[in-house]
Amino acid sequence: MKSTPHTHLKYKICVSGAAETGHCAPDALEKTKELGRQIIKHNAVLVTGATTGAPYWAAIGAKDVGGFVIGVSPALSEVEHIDKYKLPVDYHDIIIYTGFGYPGRNLLLTRSSDAVIVTCGRMGTLNEFTIAFEDDKPVGVLTGTGGMADEIKDILNKAHRGMGKTVFDSDPQKLVEKVLELVKKEKVITV
């Protein structure tokens, strides 16, 4: 049988990053906003953890250029999403309410995406990175944004497991192109 790219579905690219961004580099949020724009400009869909901070800025960037944004929430419902978790609903077209809290949300978020891009982040971002890494997914790291994004290369070196399918760049456009190149290689199916 012949292998062909699976081209009728849009790629789903997750942006993972800090909800609380006080430790991020000064230009991290602008770079993350550009990341959201570039995902859409490259004909993909943005997926976020339906949260504040860096992922929210990616959603703003995606919507700036008319993109489609899917949020995956830790909450059980929209009411819980807003009242208990204090998370936004704007700049998203669809929010999926998992009811699984942050750890369960992180698993569903990364597994439902074709690739994960990490920007300035903290422990939750590291958790999403390690899930994607262990699942052998393409992962992009937006370097120079602070937090976990600037620690991942060192963590991978210390883990002695290789780089997996992880690519690094400080330029949002170049990073999205590198990640999509990896995704396209994986999306060859047998017909």
# chains A, B, ... in the order shown; residues from 1 in each chain; ligands from 1
>>> closest_atom_pairs(of="stretch 24-55 of chain A", to="stretch 148-154 of chain A", cutoff="12 Å", atoms="only C-alpha atoms", output="JSON lines")
{"residue": "A:Cys24", "atom": "CA", "partner": "A:Met148", "partner_atom": "CA", "distance": 9.5}
{"residue": "A:Ala25", "atom": "CA", "partner": "A:Asp150", "partner_atom": "CA", "distance": 10.0}
{"residue": "A:Ala28", "atom": "CA", "partner": "A:Ala149", "partner_atom": "CA", "distance": 10.3}
{"residue": "A:Thr32", "atom": "CA", "partner": "A:Ala149", "partner_atom": "CA", "distance": 11.7}
{"residue": "A:Ala54", "atom": "CA", "partner": "A:Ala149", "partner_atom": "CA", "distance": 11.7}
>>> residues_around(residues="stretch 83-89 of chain A", least_positions_apart="6", cutoff="7 Å", atoms="only C-alpha atoms", output="list in words")
Ala50, Thr51 and Thr52 of chain A
>>> closest_residue(among="A:Pro74, A:Gly66, A:Pro26, A:Gly162", to="A:Leu108", atoms="only C-alpha atoms")
A:Pro74
>>> closest_atom_pairs(of="stretch 4-74 of chain A", to="stretch 115-121 of chain A", cutoff="12 Å", atoms="only C-alpha atoms", output="tab-separated table")
residue	atom	partner	partner_atom	distance
A:Tyr11	CA	A:Ala115	CA	8.4
A:Lys12	CA	A:Ala115	CA	7.0
A:Ile13	CA	A:Ala115	CA	5.1
A:Cys14	CA	A:Val116	CA	4.6
A:Val15	CA	A:Ile117	CA	4.8
A:Ser16	CA	A:Val118	CA	4.8
A:Gly17	CA	A:Gly121	CA	4.3
A:Ala18	CA	A:Gly121	CA	4.0
A:Ala19	CA	A:Gly121	CA	7.7
A:Glu20	CA	A:Gly121	CA	8.4
A:Thr21	CA	A:Cys120	CA	7.6
A:Gly22	CA	A:Cys120	CA	10.1
A:His23	CA	A:Cys120	CA	8.3
A:Cys24	CA	A:Cys120	CA	5.7
A:Ala25	CA	A:Cys120	CA	7.6
A:Pro26	CA	A:Cys120	CA	10.6
A:Asp27	CA	A:Cys120	CA	10.3
A:Ala28	CA	A:Cys120	CA	6.7
A:Leu29	CA	A:Cys120	CA	8.5
A:Glu30	CA	A:Thr119	CA	11.1
A:Lys31	CA	A:Thr119	CA	8.7
A:Thr32	CA	A:Thr119	CA	6.8
A:Lys33	CA	A:Thr119	CA	10.5
A:Glu34	CA	A:Thr119	CA	11.4
A:Leu35	CA	A:Ile117	CA	8.9
A:Gly36	CA	A:Ile117	CA	10.2
A:Gln38	CA	A:Ile117	CA	11.9
A:Ile39	CA	A:Ile117	CA	10.1
A:Ala44	CA	A:Ala115	CA	10.8
A:Val45	CA	A:Ala115	CA	10.9
A:Leu46	CA	A:Val116	CA	10.0
A:Val47	CA	A:Val116	CA	8.9
A:Thr48	CA	A:Val116	CA	9.6
A:Gly49	CA	A:Val116	CA	11.4
A:Thr52	CA	A:Gly121	CA	11.9
A:Gly53	CA	A:Gly121	CA	9.4
A:Ala54	CA	A:Cys120	CA	7.1
A:Pro55	CA	A:Thr119	CA	8.5
A:Tyr56	CA	A:Thr119	CA	11.8
A:Trp57	CA	A:Thr119	CA	10.8
A:Ala58	CA	A:Thr119	CA	9.7
>>> write_last_selection(atoms="N, CA and C atoms", output="compact mmCIF listing (two decimals), in the first residue's frame")
# COMPACT_ATOMS: atom_id res chain seq x y z
N TYR A 11 -3.53 20.50 11.65
CA TYR A 11 -2.70 20.09 12.78
C TYR A 11 -3.10 20.88 14.02
N LYS A 12 -3.06 20.21 15.17
CA LYS A 12 -3.38 20.81 16.46
C LYS A 12 -2.08 21.02 17.23
N ILE A 13 -1.73 22.28 17.44
CA ILE A 13 -0.48 22.61 18.11
C ILE A 13 -0.78 23.22 19.47
N CYS A 14 -0.30 22.58 20.52
CA CYS A 14 -0.50 23.05 21.89
C CYS A 14 0.60 24.03 22.27
N VAL A 15 0.21 25.13 22.89
CA VAL A 15 1.19 26.02 23.51
C VAL A 15 1.07 25.85 25.02
N SER A 16 2.18 25.45 25.61
CA SER A 16 2.27 25.22 27.04
C SER A 16 3.17 26.29 27.65
N GLY A 17 2.70 26.91 28.73
CA GLY A 17 3.50 27.95 29.37
C GLY A 17 2.89 28.35 30.70
N ALA A 18 3.56 29.24 31.37
CA ALA A 18 3.19 29.65 32.72
C ALA A 18 1.88 30.43 32.75
N ALA A 19 1.01 30.06 33.67
CA ALA A 19 -0.20 30.83 33.91
C ALA A 19 0.13 32.10 34.68
N GLU A 20 1.12 32.02 35.55
CA GLU A 20 1.60 33.17 36.32
C GLU A 20 2.97 33.52 35.73
N THR A 21 3.10 34.71 35.17
CA THR A 21 4.25 35.02 34.32
C THR A 21 5.25 36.01 34.91
N GLY A 22 5.23 36.24 36.21
CA GLY A 22 6.14 37.20 36.82
C GLY A 22 7.61 36.88 36.64
N HIS A 23 7.95 35.63 36.42
CA HIS A 23 9.35 35.21 36.27
C HIS A 23 9.80 35.13 34.80
N CYS A 24 8.88 35.39 33.88
CA CYS A 24 9.20 35.26 32.46
C CYS A 24 10.11 36.39 31.99
N ALA A 25 10.78 36.15 30.87
CA ALA A 25 11.61 37.19 30.26
C ALA A 25 10.73 38.38 29.87
N PRO A 26 11.31 39.59 29.82
CA PRO A 26 10.50 40.79 29.52
C PRO A 26 9.70 40.72 28.22
N ASP A 27 10.22 40.03 27.20
CA ASP A 27 9.51 39.96 25.92
C ASP A 27 8.80 38.61 25.72
N ALA A 28 8.71 37.79 26.76
CA ALA A 28 8.14 36.44 26.63
C ALA A 28 6.69 36.45 26.17
N LEU A 29 5.89 37.35 26.71
CA LEU A 29 4.47 37.34 26.33
C LEU A 29 4.26 37.80 24.90
N GLU A 30 5.03 38.79 24.46
CA GLU A 30 4.94 39.23 23.06
C GLU A 30 5.39 38.11 22.12
N LYS A 31 6.46 37.41 22.49
CA LYS A 31 6.93 36.29 21.68
C LYS A 31 5.89 35.17 21.65
N THR A 32 5.24 34.95 22.77
CA THR A 32 4.22 33.90 22.84
C THR A 32 2.99 34.29 22.03
N LYS A 33 2.65 35.55 22.04
CA LYS A 33 1.55 36.05 21.21
C LYS A 33 1.88 35.81 19.74
N GLU A 34 3.12 36.07 19.35
CA GLU A 34 3.56 35.82 17.97
C GLU A 34 3.53 34.33 17.66
N LEU A 35 3.84 33.51 18.64
CA LEU A 35 3.75 32.07 18.47
C LEU A 35 2.33 31.67 18.09
N GLY A 36 1.33 32.22 18.79
CA GLY A 36 -0.06 31.95 18.44
C GLY A 36 -0.39 32.38 17.03
N GLN A 38 1.71 32.68 14.50
CA GLN A 38 2.42 31.83 13.54
C GLN A 38 1.77 30.45 13.40
N ILE A 39 1.25 29.91 14.47
CA ILE A 39 0.54 28.62 14.39
C ILE A 39 -0.62 28.74 13.42
N ALA A 44 -2.64 25.84 11.10
CA ALA A 44 -2.89 24.90 12.18
C ALA A 44 -3.90 25.50 13.16
N VAL A 45 -4.31 24.70 14.12
CA VAL A 45 -5.23 25.12 15.18
C VAL A 45 -4.43 25.20 16.48
N LEU A 46 -4.69 26.23 17.27
CA LEU A 46 -4.03 26.37 18.56
C LEU A 46 -4.83 25.65 19.64
N VAL A 47 -4.12 24.90 20.47
CA VAL A 47 -4.72 24.25 21.63
C VAL A 47 -3.99 24.78 22.86
N THR A 48 -4.76 25.16 23.89
CA THR A 48 -4.16 25.65 25.13
C THR A 48 -4.80 24.95 26.32
N GLY A 49 -4.24 25.20 27.48
CA GLY A 49 -4.82 24.68 28.72
C GLY A 49 -5.96 25.55 29.24
N THR A 52 -4.70 31.34 32.04
CA THR A 52 -4.18 32.70 31.98
C THR A 52 -2.71 32.66 31.52
N GLY A 53 -2.05 33.80 31.56
CA GLY A 53 -0.61 33.87 31.31
C GLY A 53 -0.21 33.59 29.88
N ALA A 54 0.89 32.86 29.72
CA ALA A 54 1.47 32.62 28.40
C ALA A 54 0.50 31.95 27.42
N PRO A 55 -0.21 30.87 27.81
CA PRO A 55 -1.15 30.27 26.87
C PRO A 55 -2.26 31.25 26.43
N TYR A 56 -2.67 32.09 27.35
CA TYR A 56 -3.69 33.09 27.04
C TYR A 56 -3.17 34.06 25.98
N TRP A 57 -1.90 34.47 26.10
CA TRP A 57 -1.30 35.37 25.11
C TRP A 57 -1.18 34.69 23.76
N ALA A 58 -0.90 33.39 23.74
CA ALA A 58 -0.88 32.65 22.47
C ALA A 58 -2.27 32.68 21.83
>>> closest_residue(among="A:Thr110, A:Asn43, A:Ser170, A:Asn157", to="A:Asp135", atoms="only C-alpha atoms")
A:Thr110
>>> select_by_dssp(residues="stretch 20-128 of chain A", states="helix (DSSP H, G or I)", output="number ranges by chain")
A: 28-41, 53-64, 78-83, 101-111, 123-128
>>> select_by_dssp(residues="chain A", states="strand (DSSP E or B)", output="PyMOL selection string")
chain A and resi 3-5+12-16+45-48+69-73+94-97+115-118+121+139-142+147+166-169+188-190
>>> write_last_selection(atoms="C-alpha atoms", output="PDB file, in the first residue's frame")
ATOM      1  CA  SER A   3       1.908   6.016   2.070  1.00  0.00           C
ATOM      2  CA  THR A   4       0.408   9.488   1.748  1.00  0.00           C
ATOM      3  CA  PRO A   5       0.251  12.519   4.010  1.00  0.00           C
ATOM      4  CA  LYS A  12      -3.383  20.813  16.455  1.00  0.00           C
ATOM      5  CA  ILE A  13      -0.475  22.606  18.108  1.00  0.00           C
ATOM      6  CA  CYS A  14      -0.496  23.047  21.892  1.00  0.00           C
ATOM      7  CA  VAL A  15       1.193  26.022  23.508  1.00  0.00           C
ATOM      8  CA  SER A  16       2.270  25.222  27.044  1.00  0.00           C
ATOM      9  CA  VAL A  45      -5.229  25.120  15.177  1.00  0.00           C
ATOM     10  CA  LEU A  46      -4.026  26.371  18.562  1.00  0.00           C
ATOM     11  CA  VAL A  47      -4.720  24.245  21.628  1.00  0.00           C
ATOM     12  CA  THR A  48      -4.160  25.654  25.132  1.00  0.00           C
ATOM     13  CA  VAL A  69      -8.475  28.101  19.436  1.00  0.00           C
ATOM     14  CA  ILE A  70      -9.392  25.056  21.522  1.00  0.00           C
ATOM     15  CA  GLY A  71      -8.987  25.155  25.302  1.00  0.00           C
ATOM     16  CA  VAL A  72      -8.709  22.071  27.499  1.00  0.00           C
ATOM     17  CA  SER A  73      -9.796  22.987  31.022  1.00  0.00           C
ATOM     18  CA  ILE A  94     -14.226  25.784  22.163  1.00  0.00           C
ATOM     19  CA  ILE A  95     -13.363  24.822  25.734  1.00  0.00           C
ATOM     20  CA  ILE A  96     -13.417  21.158  26.688  1.00  0.00           C
ATOM     21  CA  TYR A  97     -14.156  20.696  30.393  1.00  0.00           C
ATOM     22  CA  ALA A 115       2.770  18.704  18.931  1.00  0.00           C
ATOM     23  CA  VAL A 116       3.525  20.804  22.003  1.00  0.00           C
ATOM     24  CA  ILE A 117       5.391  24.102  22.041  1.00  0.00           C
ATOM     25  CA  VAL A 118       6.804  25.230  25.384  1.00  0.00           C
ATOM     26  CA  GLY A 121       6.765  28.035  32.175  1.00  0.00           C
ATOM     27  CA  VAL A 139       8.058  19.351  20.984  1.00  0.00           C
ATOM     28  CA  GLY A 140       9.243  22.881  20.318  1.00  0.00           C
ATOM     29  CA  VAL A 141      10.901  25.071  22.939  1.00  0.00           C
ATOM     30  CA  LEU A 142      10.748  28.864  22.575  1.00  0.00           C
ATOM     31  CA  GLY A 147      11.395  29.676  33.227  1.00  0.00           C
ATOM     32  CA  THR A 166      12.579  18.280  20.667  1.00  0.00           C
ATOM     33  CA  VAL A 167      13.602  21.345  18.673  1.00  0.00           C
ATOM     34  CA  PHE A 168      14.674  24.739  19.966  1.00  0.00           C
ATOM     35  CA  ASP A 169      14.514  28.274  18.601  1.00  0.00           C
ATOM     36  CA  VAL A 188       2.263   9.833   6.745  1.00  0.00           C
ATOM     37  CA  ILE A 189      -0.366   7.101   6.718  1.00  0.00           C
ATOM     38  CA  THR A 190      -0.765   3.916   4.770  1.00  0.00           C
TER      39      THR A 190
END
>>> atom_distance(atom1="atom CA of A:Lys10", atom2="atom CA of A:Gln173")
17.7 Å
>>> atom_distance(atom1="atom CA of A:Asn127", atom2="atom CA of A:Leu107")
8.8 Å
